[in-house]
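What follows is a short report on a single structure.
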Amino acid sequence: MTKPILLPALALLALAGCQSGGEATGNAAADTAAESNAVVDNGDAGNNVAAQVIAMNDAQRNVVFIRAIMDAGLTCEHVDKSERLPDQDGNPLWRANCQGGAAHMITITPDGTAKIVSRTDR
């Protein structure tokens, strides 16, 4: 199954978590409003979401991956680890292993689209 998901806001949120002042307030409504107000312009060549995801540390990247997996309607409670694989069609590719054994192959395009391929028969 392949499901494309747009990730620009996710990548920016994961990066913002490392900045001072980017902490969650504990107020779900306020945190959601702050996420909704993020401005993303993917038309700029300097705003390559795939490059931003590559530059993230493992914990940040796994947060982006779990969100993409869940947004695709797939089950994953926690990404235990992700492994970078050889690029596919010029885009970075990772294998994200979820808690419980499910694995998903995720490619990220420069505009922030995540393409997820999953095997549900294993």
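To be explicit about the labels: the chains of the structure tokens are called A, B, and onward in the order shown, and within each one the residues are counted from 1, while ligands get numbers from 1 in the order they are shown.
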
Exercise. Which residues come within 10 Å of A:Thr75, counting only C-alpha atoms, excluding same-chain residues fewer than 6 positions away, as a ChimeraX atom specification?
Worked result: /A:66,69,98-99,102

Could you save those same residues with C-alpha atoms as a PDB file, in the first residue's frame?
ATOM      1  CA  ILE A  66       5.297   8.102  13.242  1.00  0.00           C
ATOM      2  CA  ILE A  69       2.479   6.632   9.338  1.00  0.00           C
ATOM      3  CA  CYS A  98       7.294   0.224  14.731  1.00  0.00           C
ATOM      4  CA  GLN A  99       6.890  -1.211  18.185  1.00  0.00           C
ATOM      5  CA  ALA A 102       5.505  -3.576  11.713  1.00  0.00           C
TER       6      ALA A 102
END

Problem set entry | Computed interatomic separation between atom CA of A:Asn47 and atom CA of A:Val117 (Å) |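 Atom-to-atom, atom CA of A:Asn47 to atom CA of A:Val117, that is 24.9 Å.
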
Exercise. Any idea what's packed within 12 Å of A:Asn91, counting only C-alpha atoms, ignoring anything in its chain fewer than 6 positions away? Could you give it as an MDAnalysis selection string?
Worked result: chainID A and resid 48:51 53:54 84:85 106:115

For this session: Give me, please, the distance in Å between atom CA of A:Gln88 and atom CA of A:Ile116, quoted to one decimal.
Result: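 Atom CA of A:Ile116 lies 12.3 Å from atom CA of A:Gln88.
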
Exercise. Of the candidates A:Pro86, A:Gly101, A:Pro92, A:Gly73, which one gets nearest to A:Ala55 if we count only C-alpha atoms?
Worked result: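 For A:Ala55, the nearest of the candidates is A:Pro92.
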
Exercise. Atom CA of A:Cys76 to atom CA of A:Asp89: how many Å, to one decimal?
Worked result: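 One can read the atom CA of A:Cys76 to atom CA of A:Asp89 distance as 25.9 Å.
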
Problem set entry | Close residues, A:Asp80 itself excluded, 12 Å, only C-alpha atoms, min 5 positions apart in chain, as a VMD selection string | chain A and resid 58 to 59 61 to 63 65 to 66 95 to 104
